[in-house]
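Pasted below: final.tsv, TSV, C-alpha atoms.
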```tsv
chain	number	residue	atom	x	y	z
B	925	VAL	CA	-83.29	12.12	81.87
B	926	GLY	CA	-79.84	13.73	81.81
B	927	LEU	CA	-80.05	14.16	78.04
B	928	ALA	CA	-83.50	15.75	78.31
B	929	PHE	CA	-82.24	18.12	81.02
B	930	ALA	CA	-79.23	19.10	78.88
B	931	ALA	CA	-81.51	19.77	75.90
B	932	MET	CA	-83.83	21.94	78.03
B	933	ALA	CA	-80.88	23.88	79.45
B	934	PHE	CA	-79.48	24.46	75.95
B	935	THR	CA	-82.75	25.65	74.45
B	936	SER	CA	-83.57	27.88	77.41
B	937	GLY	CA	-80.19	29.58	77.04
B	938	CYS	CA	-80.86	30.16	73.35
B	939	ALA	CA	-84.38	31.47	73.75
B	940	LYS	CA	-85.08	34.66	71.86
B	941	LYS	CA	-85.71	37.69	74.05
B	942	ASN	CA	-89.03	39.47	73.69
B	943	SER	CA	-88.22	42.76	71.99
B	944	GLY	CA	-91.25	44.46	73.52
B	945	ALA	CA	-92.28	45.70	70.07
B	946	VAL	CA	-95.71	47.35	69.93
B	947	THR	CA	-97.40	48.44	66.71
B	948	GLY	CA	-99.53	51.52	67.22
B	949	ALA	CA	-102.71	52.53	65.38
B	950	ASP	CA	-100.56	54.68	63.08
B	951	GLY	CA	-98.61	51.57	62.01
B	952	ASN	CA	-95.38	52.71	63.69
B	953	VAL	CA	-93.47	50.18	65.76
B	954	THR	CA	-92.17	51.22	69.16
B	955	TYR	CA	-90.15	49.13	71.56
B	956	GLY	CA	-90.70	48.70	75.29
B	957	THR	CA	-93.40	51.33	75.53
B	958	THR	CA	-96.96	51.66	76.72
B	959	ALA	CA	-99.55	53.85	75.05
B	960	ASP	CA	-98.51	56.94	77.05
B	961	GLY	CA	-94.81	56.52	76.21
B	962	SER	CA	-93.80	55.36	79.69
B	963	SER	CA	-91.63	52.34	80.35
B	964	ASP	CA	-93.15	48.88	80.37
B	965	THR	CA	-90.35	47.45	82.51
B	966	GLY	CA	-89.54	48.16	86.10
B	967	GLY	CA	-91.18	48.46	89.47
B	968	ILE	CA	-94.50	49.15	91.09
B	969	GLY	CA	-96.86	51.73	89.59
B	970	LEU	CA	-96.03	50.98	85.98
B	971	GLY	CA	-97.01	53.69	83.55
B	972	THR	CA	-97.21	56.53	86.08
B	973	LEU	CA	-94.12	58.41	84.89
B	974	SER	CA	-93.16	59.27	81.31
B	975	ARG	CA	-89.68	58.94	79.81
B	976	VAL	CA	-87.69	61.80	78.32
B	977	HIS	CA	-85.29	61.72	75.36
B	978	PHE	CA	-81.97	63.38	74.62
B	979	GLY	CA	-80.10	64.60	71.59
B	980	TYR	CA	-77.01	62.86	70.26
B	981	ASP	CA	-74.12	62.94	72.74
B	982	SER	CA	-76.12	65.24	75.02
B	983	SER	CA	-77.47	65.31	78.55
B	984	THR	CA	-79.29	68.63	78.06
B	985	LEU	CA	-83.04	68.65	78.66
B	986	ALA	CA	-85.18	70.08	75.86
B	987	ALA	CA	-88.18	72.30	76.66
B	988	ASP	CA	-90.75	69.55	75.97
B	989	ASP	CA	-88.80	67.17	78.21
B	990	ARG	CA	-88.89	69.76	81.00
B	991	ASP	CA	-92.68	69.86	80.58
B	992	THR	CA	-92.79	66.06	80.89
B	993	LEU	CA	-90.60	66.21	84.00
B	994	GLU	CA	-92.88	68.83	85.55
B	995	LYS	CA	-95.77	66.37	85.21
B	996	ASN	CA	-93.60	63.58	86.64
B	997	ALA	CA	-92.57	65.81	89.56
B	998	LYS	CA	-96.23	66.58	90.31
B	999	THR	CA	-96.99	62.84	90.38
B	1000	ILE	CA	-94.03	62.09	92.65
B	1001	LYS	CA	-94.80	64.97	95.03
B	1002	GLY	CA	-98.46	63.94	95.11
B	1003	ASN	CA	-97.54	60.54	96.55
B	1004	LYS	CA	-95.41	61.07	99.68
B	1005	LYS	CA	-94.26	57.43	99.76
B	1006	MET	CA	-93.16	57.24	96.12
B	1007	ARG	CA	-89.48	56.53	95.52
B	1008	VAL	CA	-88.13	56.52	91.98
B	1009	LEU	CA	-85.11	55.11	90.17
B	1010	VAL	CA	-84.02	57.29	87.23
B	1011	GLU	CA	-82.28	55.21	84.57
B	1012	GLY	CA	-80.00	56.80	81.97
B	1013	HIS	CA	-79.76	55.12	78.56
B	1014	CYS	CA	-77.75	55.66	75.37
B	1015	ASP	CA	-77.68	54.46	71.80
B	1016	GLU	CA	-75.14	51.85	70.69
B	1017	ARG	CA	-72.58	54.30	69.32
B	1018	GLY	CA	-69.54	54.98	71.49
B	1019	SER	CA	-67.59	52.76	73.86
B	1020	ASN	CA	-69.27	51.02	76.77
B	1021	GLU	CA	-67.35	53.19	79.22
B	1022	TYR	CA	-68.34	56.41	77.46
B	1023	ASN	CA	-72.01	55.38	77.26
B	1024	ILE	CA	-72.15	54.44	80.95
B	1025	ALA	CA	-70.80	57.91	81.80
B	1026	LEU	CA	-73.22	59.61	79.37
B	1027	GLY	CA	-76.16	57.63	80.77
B	1028	GLU	CA	-75.14	58.76	84.24
B	1029	ARG	CA	-75.02	62.42	83.13
B	1030	ARG	CA	-78.51	62.02	81.65
B	1031	ALA	CA	-79.92	60.45	84.81
B	1032	ARG	CA	-78.25	63.15	86.93
B	1033	ALA	CA	-79.67	65.94	84.73
B	1034	VAL	CA	-83.16	64.51	85.18
B	1035	MET	CA	-82.70	64.09	88.94
B	1036	ASP	CA	-81.33	67.62	89.32
B	1037	TYR	CA	-84.30	69.05	87.44
B	1038	LEU	CA	-86.80	67.05	89.51
B	1039	VAL	CA	-85.11	68.30	92.70
B	1040	SER	CA	-85.30	71.89	91.37
B	1041	LEU	CA	-89.07	71.31	91.03
B	1042	GLY	CA	-89.36	70.35	94.69
B	1043	VAL	CA	-88.92	66.56	94.66
B	1044	GLN	CA	-86.88	65.48	97.68
B	1045	ARG	CA	-83.47	64.15	96.63
B	1046	SER	CA	-83.79	61.33	99.16
B	1047	ARG	CA	-86.71	59.93	97.14
B	1048	LEU	CA	-84.62	59.55	93.98
B	1049	GLU	CA	-81.96	57.05	92.94
B	1050	MET	CA	-80.13	56.73	89.65
B	1051	LYS	CA	-78.51	54.10	87.47
B	1052	SER	CA	-76.87	54.21	84.08
B	1053	TRP	CA	-77.44	51.32	81.69
B	1054	GLY	CA	-75.39	52.89	78.90
B	1055	GLU	CA	-76.33	51.07	75.70
B	1056	GLU	CA	-77.29	47.79	77.42
B	1057	ARG	CA	-81.11	48.14	77.34
B	1058	PRO	CA	-82.22	49.61	74.02
B	1059	LEU	CA	-85.89	50.31	73.35
B	1060	ASN	CA	-85.26	49.63	69.69
B	1061	PRO	CA	-82.51	47.10	68.90
B	1062	GLN	CA	-82.09	48.23	65.28
B	1063	SER	CA	-79.19	50.33	64.00
B	1064	SER	CA	-80.81	53.41	62.49
B	1065	GLU	CA	-81.30	57.06	63.35
B	1066	THR	CA	-84.87	56.30	64.45
B	1067	ALA	CA	-83.68	53.54	66.78
B	1068	TRP	CA	-80.78	55.59	68.15
B	1069	SER	CA	-83.12	58.52	68.84
B	1070	ALA	CA	-85.50	56.26	70.78
B	1071	ASN	CA	-82.65	54.77	72.81
B	1072	ARG	CA	-81.23	58.11	74.04
B	1073	ARG	CA	-83.47	58.51	77.07
B	1074	ALA	CA	-84.12	58.51	80.80
B	1075	GLU	CA	-86.61	55.98	82.18
B	1076	PHE	CA	-88.39	55.92	85.52
B	1077	VAL	CA	-88.88	52.89	87.74
B	1078	VAL	CA	-91.17	53.37	90.72
B	1079	LEU	CA	-89.49	51.58	93.62
B	1080	ALA	CA	-92.12	52.29	96.26
B	1081	LYS	CA	-95.60	53.72	96.06
```

Could you write out this structure as structure tokens?
Amino acid sequence: VGLAFAAMAFTSGCAKKNSGAVTGADGNVTYGTTADGSSDTGGIGLGTLSRVHFGYDSSTLAADDRDTLEKNAKTIKGNKKMRVLVEGHCDERGSNEYNIALGERRARAVMDYLVSLGVQRSRLEMKSWGEERPLNPQSSETAWSANRRAEFVVLAK
């Protein structure tokens, strides 16, 4: 029995993580996404808010990301009980410390923009994951671009 338990403990520790890879109709592989581009991990109300992406070493919101955030703000404001965690993410380049700080700047930029659109600050929280939770675990420009993002986790709905 002890040997069987040890074997189960060893194999469970070595289990391969699900990458969350999804192959779309166009044949492209995306990681950790649903059809609308929103996160497939997190809290209640999955798929209600769409992620935004950032340029290399940047926490500046592009015009199309502002459009996405306007839609997200409308959804949040339309549900008075909704509380949201904004998660900042980075690609694997740079030190852990630098990427945690960059992820925080990204999450803060998103939160500040949502607040400027009328979302109450008290309904928003933030967390930086740095490079710890990539959408795409590969090391390529395509993967790095996908990993530079802010995600939304609905904490209460």

Legend entry - Å distance separating CA of Val1008 (chain B) from CA of Gly1054 (chain B), one decimal place: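 Going from CA of Val1008 (chain B) over to CA of Gly1054 (chain B) covers 18.6 Å.
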
Legend entry - Test item: residues at most 8 Å from Arg1032 (chain B), only C-alpha atoms, excluding those fewer than 4 positions along its chain, as an MDAnalysis selection string: chainID B and resid 1028 1036 1050

Legend entry - Interatomic distance, CA of Thr1066 (chain B) to CA of Trp1053 (chain B) (Å, one decimal):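 For CA of Thr1066 (chain B) relative to CA of Trp1053 (chain B), the distance reads 19.4 Å.
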
Legend entry - Selected residue, from B:Leu1038, B:Val976, B:Ile1024, B:Ala1080, that lies nearest to Asn1003 (chain B) when counting all atoms listed in the file: B:Ala1080

Inset, instruction - Between B:Thr992, B:Gly979, B:Met1006, B:Thr972, single out the one closest to Leu1048 (chain B), counting all atoms listed in the file. - result: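 Distance minimum relative to Leu1048 (chain B) lands on B:Met1006.
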
Inset, instruction - With a distance cut-off of 6 Å and only C-alpha atoms, select the neighbouring residues of Glu1011 (chain B), excluding the residue or stretch itself and same-chain residues fewer than 2 positions from it, and output the selection as a PyMOL selection string. - result: chain B and resi 1031+1050-1052+1074-1075

Using only C-alpha atoms, please write the residues we just selected to a file, as an mmCIF file, in the coordinates of the input.
```cif
data_model
loop_
_atom_site.group_PDB
_atom_site.id
_atom_site.type_symbol
_atom_site.label_atom_id
_atom_site.label_comp_id
_atom_site.auth_asym_id
_atom_site.auth_seq_id
_atom_site.Cartn_x
_atom_site.Cartn_y
_atom_site.Cartn_z
ATOM 1 C CA ALA B 1031 -79.920 60.450 84.810
ATOM 2 C CA MET B 1050 -80.130 56.730 89.650
ATOM 3 C CA LYS B 1051 -78.510 54.100 87.470
ATOM 4 C CA SER B 1052 -76.870 54.210 84.080
ATOM 5 C CA ALA B 1074 -84.120 58.510 80.800
ATOM 6 C CA GLU B 1075 -86.610 55.980 82.180
#
```

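In this structure, CA of Val1034 (chain B) sits 23.8 Å away from CA of Pro1061 (chain B).
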
Inset, instruction - Would you list the residues near (-86.3, 66.6, 80.0) (no more than 9 Å away, in the coordinates of the file, using all atoms listed in the file) as a list of chain:residue names? - result: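 Using all atoms listed in the file, the matching residues come out as B:Arg975, B:Val976, B:His977, B:Phe978, B:Thr984, B:Leu985, B:Ala986, B:Ala987, B:Asp988, B:Asp989, B:Arg990, B:Asp991, B:Thr992, B:Leu993, B:Glu994, B:Ala1033, B:Val1034, B:Tyr1037, B:Ala1074.
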
Inset, instruction - Name the closest residue to Asp981 (chain B) among the candidates B:Thr999, B:Asn1023, B:Gln1044, B:Gln1062; distances are taken between atoms, counting only C-alpha atoms. - result: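 Of B:Thr999, B:Asn1023, B:Gln1044, B:Gln1062, the one nearest Asp981 (chain B), counting only C-alpha atoms, is B:Asn1023.
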
Inset, instruction - Find the spatial neighbours of Lys1081 (chain B), counting all atoms listed in the file, within a cut-off of 9 Å - ignore same-chain residues fewer than 2 positions away - and output them as JSON, numbers by chain. - result: {"B": [968, 969, 1003, 1004, 1005, 1006, 1007, 1008, 1078, 1079]}

Legend entry - Nearest residue to Ala1025 (chain B) from the set B:Ser974, B:Phe1076, B:Ala1067, B:Glu1055 (distances using all atoms listed in the file):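 For Ala1025 (chain B), the nearest of the candidates is B:Glu1055.
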
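Each of B:Met1035, B:Asn996, B:Glu1049, B:Asp1015 was compared to Ser1064 (chain B) using all atoms listed in the file, and B:Asp1015 turns out to be the nearest.
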
Legend entry - Within 6 Å of Arg1030 (chain B) using all atoms listed in the file, minus same-chain residues under 3 positions, as a PyMOL selection string: chain B and resi 983+1012+1027+1033

Box in all listed atoms of region 998-1012 of chain B, axis-aligned, with 6 Å more on each side; write out centre and edge lengths in Å to one decimal as JSON.
```
{"center_x": -89.2, "center_y": 60.8, "center_z": 90.9, "size_x": 30.5, "size_y": 23.5, "size_z": 29.8}
```

Inset, instruction - Write out as a ChimeraX atom specification which residues come within 6 Å of Asn1071 (chain B) when counting all atoms listed in the file, dropping same-chain ones fewer than 4 positions away. - result: /B:1014-1015,1058-1059

How would region 977-1012 of chain B read, as a PDB file, keeping the file's coordinate frame, once N, CA and C atoms are built in?
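What landed in result01.pdb:
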```pdb
ATOM      1  N   HIS B 977     -86.329  62.068  76.335  1.00  0.00           N
ATOM      2  CA  HIS B 977     -85.290  61.720  75.360  1.00  0.00           C
ATOM      3  C   HIS B 977     -84.249  62.818  75.264  1.00  0.00           C
ATOM      4  N   PHE B 978     -83.095  62.468  74.739  1.00  0.00           N
ATOM      5  CA  PHE B 978     -81.970  63.380  74.620  1.00  0.00           C
ATOM      6  C   PHE B 978     -81.440  63.406  73.200  1.00  0.00           C
ATOM      7  N   GLY B 979     -80.770  64.492  72.867  1.00  0.00           N
ATOM      8  CA  GLY B 979     -80.100  64.600  71.590  1.00  0.00           C
ATOM      9  C   GLY B 979     -78.824  63.772  71.581  1.00  0.00           C
ATOM     10  N   TYR B 980     -78.240  63.629  70.418  1.00  0.00           N
ATOM     11  CA  TYR B 980     -77.010  62.860  70.260  1.00  0.00           C
ATOM     12  C   TYR B 980     -75.904  63.439  71.135  1.00  0.00           C
ATOM     13  N   ASP B 981     -75.266  62.584  71.899  1.00  0.00           N
ATOM     14  CA  ASP B 981     -74.120  62.940  72.740  1.00  0.00           C
ATOM     15  C   ASP B 981     -74.443  64.099  73.683  1.00  0.00           C
ATOM     16  N   SER B 982     -75.682  64.123  74.200  1.00  0.00           N
ATOM     17  CA  SER B 982     -76.120  65.240  75.020  1.00  0.00           C
ATOM     18  C   SER B 982     -76.825  64.755  76.284  1.00  0.00           C
ATOM     19  N   SER B 983     -76.700  65.546  77.330  1.00  0.00           N
ATOM     20  CA  SER B 983     -77.470  65.310  78.550  1.00  0.00           C
ATOM     21  C   SER B 983     -78.290  66.558  78.890  1.00  0.00           C
ATOM     22  N   THR B 984     -78.514  67.404  77.894  1.00  0.00           N
ATOM     23  CA  THR B 984     -79.290  68.630  78.060  1.00  0.00           C
ATOM     24  C   THR B 984     -80.768  68.337  77.853  1.00  0.00           C
ATOM     25  N   LEU B 985     -81.593  68.845  78.753  1.00  0.00           N
ATOM     26  CA  LEU B 985     -83.040  68.650  78.660  1.00  0.00           C
ATOM     27  C   LEU B 985     -83.655  69.674  77.718  1.00  0.00           C
ATOM     28  N   ALA B 986     -84.444  69.201  76.775  1.00  0.00           N
ATOM     29  CA  ALA B 986     -85.180  70.080  75.860  1.00  0.00           C
ATOM     30  C   ALA B 986     -86.422  70.608  76.577  1.00  0.00           C
ATOM     31  N   ALA B 987     -87.011  71.660  76.039  1.00  0.00           N
ATOM     32  CA  ALA B 987     -88.180  72.300  76.660  1.00  0.00           C
ATOM     33  C   ALA B 987     -89.338  71.319  76.839  1.00  0.00           C
ATOM     34  N   ASP B 988     -89.631  70.497  75.832  1.00  0.00           N
ATOM     35  CA  ASP B 988     -90.750  69.550  75.970  1.00  0.00           C
ATOM     36  C   ASP B 988     -90.448  68.482  77.004  1.00  0.00           C
ATOM     37  N   ASP B 989     -89.169  68.130  77.169  1.00  0.00           N
ATOM     38  CA  ASP B 989     -88.800  67.170  78.210  1.00  0.00           C
ATOM     39  C   ASP B 989     -88.950  67.788  79.596  1.00  0.00           C
ATOM     40  N   ARG B 990     -88.676  69.077  79.718  1.00  0.00           N
ATOM     41  CA  ARG B 990     -88.890  69.760  81.000  1.00  0.00           C
ATOM     42  C   ARG B 990     -90.380  69.754  81.359  1.00  0.00           C
ATOM     43  N   ASP B 991     -91.230  69.931  80.348  1.00  0.00           N
ATOM     44  CA  ASP B 991     -92.680  69.860  80.580  1.00  0.00           C
ATOM     45  C   ASP B 991     -93.078  68.464  81.083  1.00  0.00           C
ATOM     46  N   THR B 992     -92.527  67.436  80.469  1.00  0.00           N
ATOM     47  CA  THR B 992     -92.790  66.060  80.890  1.00  0.00           C
ATOM     48  C   THR B 992     -92.325  65.852  82.327  1.00  0.00           C
ATOM     49  N   LEU B 993     -91.130  66.367  82.642  1.00  0.00           N
ATOM     50  CA  LEU B 993     -90.600  66.210  84.000  1.00  0.00           C
ATOM     51  C   LEU B 993     -91.409  66.979  85.024  1.00  0.00           C
ATOM     52  N   GLU B 994     -92.003  68.100  84.629  1.00  0.00           N
ATOM     53  CA  GLU B 994     -92.880  68.830  85.550  1.00  0.00           C
ATOM     54  C   GLU B 994     -94.092  67.983  85.912  1.00  0.00           C
ATOM     55  N   LYS B 995     -94.642  67.280  84.942  1.00  0.00           N
ATOM     56  CA  LYS B 995     -95.770  66.370  85.210  1.00  0.00           C
ATOM     57  C   LYS B 995     -95.307  65.221  86.106  1.00  0.00           C
ATOM     58  N   ASN B 996     -94.131  64.661  85.809  1.00  0.00           N
ATOM     59  CA  ASN B 996     -93.600  63.580  86.640  1.00  0.00           C
ATOM     60  C   ASN B 996     -93.376  64.054  88.072  1.00  0.00           C
ATOM     61  N   ALA B 997     -92.829  65.267  88.222  1.00  0.00           N
ATOM     62  CA  ALA B 997     -92.570  65.810  89.560  1.00  0.00           C
ATOM     63  C   ALA B 997     -93.893  65.968  90.332  1.00  0.00           C
ATOM     64  N   LYS B 998     -94.920  66.423  89.667  1.00  0.00           N
ATOM     65  CA  LYS B 998     -96.230  66.580  90.310  1.00  0.00           C
ATOM     66  C   LYS B 998     -96.742  65.227  90.797  1.00  0.00           C
ATOM     67  N   THR B 999     -96.575  64.192  89.990  1.00  0.00           N
ATOM     68  CA  THR B 999     -96.990  62.840  90.380  1.00  0.00           C
ATOM     69  C   THR B 999     -96.201  62.354  91.584  1.00  0.00           C
ATOM     70  N   ILE B1000     -94.886  62.548  91.547  1.00  0.00           N
ATOM     71  CA  ILE B1000     -94.030  62.090  92.650  1.00  0.00           C
ATOM     72  C   ILE B1000     -94.371  62.842  93.933  1.00  0.00           C
ATOM     73  N   LYS B1001     -94.492  64.160  93.842  1.00  0.00           N
ATOM     74  CA  LYS B1001     -94.800  64.970  95.030  1.00  0.00           C
ATOM     75  C   LYS B1001     -96.193  64.666  95.577  1.00  0.00           C
ATOM     76  N   GLY B1002     -97.103  64.253  94.699  1.00  0.00           N
ATOM     77  CA  GLY B1002     -98.460  63.940  95.110  1.00  0.00           C
ATOM     78  C   GLY B1002     -98.589  62.624  95.859  1.00  0.00           C
ATOM     79  N   ASN B1003     -97.544  61.812  95.830  1.00  0.00           N
ATOM     80  CA  ASN B1003     -97.540  60.540  96.550  1.00  0.00           C
ATOM     81  C   ASN B1003     -96.315  60.535  97.466  1.00  0.00           C
ATOM     82  N   LYS B1004     -96.512  60.864  98.729  1.00  0.00           N
ATOM     83  CA  LYS B1004     -95.410  61.070  99.680  1.00  0.00           C
ATOM     84  C   LYS B1004     -94.543  59.836  99.902  1.00  0.00           C
ATOM     85  N   LYS B1005     -95.039  58.659  99.562  1.00  0.00           N
ATOM     86  CA  LYS B1005     -94.260  57.430  99.760  1.00  0.00           C
ATOM     87  C   LYS B1005     -93.508  56.995  98.506  1.00  0.00           C
ATOM     88  N   MET B1006     -93.764  57.658  97.384  1.00  0.00           N
ATOM     89  CA  MET B1006     -93.160  57.240  96.120  1.00  0.00           C
ATOM     90  C   MET B1006     -91.660  57.476  96.120  1.00  0.00           C
ATOM     91  N   ARG B1007     -90.929  56.436  95.750  1.00  0.00           N
ATOM     92  CA  ARG B1007     -89.480  56.530  95.520  1.00  0.00           C
ATOM     93  C   ARG B1007     -89.236  56.070  94.089  1.00  0.00           C
ATOM     94  N   VAL B1008     -88.304  56.734  93.414  1.00  0.00           N
ATOM     95  CA  VAL B1008     -88.130  56.520  91.980  1.00  0.00           C
ATOM     96  C   VAL B1008     -86.658  56.303  91.636  1.00  0.00           C
ATOM     97  N   LEU B1009     -86.428  55.336  90.769  1.00  0.00           N
ATOM     98  CA  LEU B1009     -85.110  55.110  90.170  1.00  0.00           C
ATOM     99  C   LEU B1009     -85.119  55.761  88.795  1.00  0.00           C
ATOM    100  N   VAL B1010     -84.172  56.656  88.546  1.00  0.00           N
ATOM    101  CA  VAL B1010     -84.020  57.290  87.230  1.00  0.00           C
ATOM    102  C   VAL B1010     -82.911  56.545  86.513  1.00  0.00           C
ATOM    103  N   GLU B1011     -83.239  55.985  85.353  1.00  0.00           N
ATOM    104  CA  GLU B1011     -82.280  55.210  84.570  1.00  0.00           C
ATOM    105  C   GLU B1011     -81.847  55.999  83.345  1.00  0.00           C
ATOM    106  N   GLY B1012     -80.538  56.141  83.157  1.00  0.00           N
ATOM    107  CA  GLY B1012     -80.000  56.800  81.970  1.00  0.00           C
ATOM    108  C   GLY B1012     -79.624  55.781  80.920  1.00  0.00           C
TER     109      GLY B1012
END
```
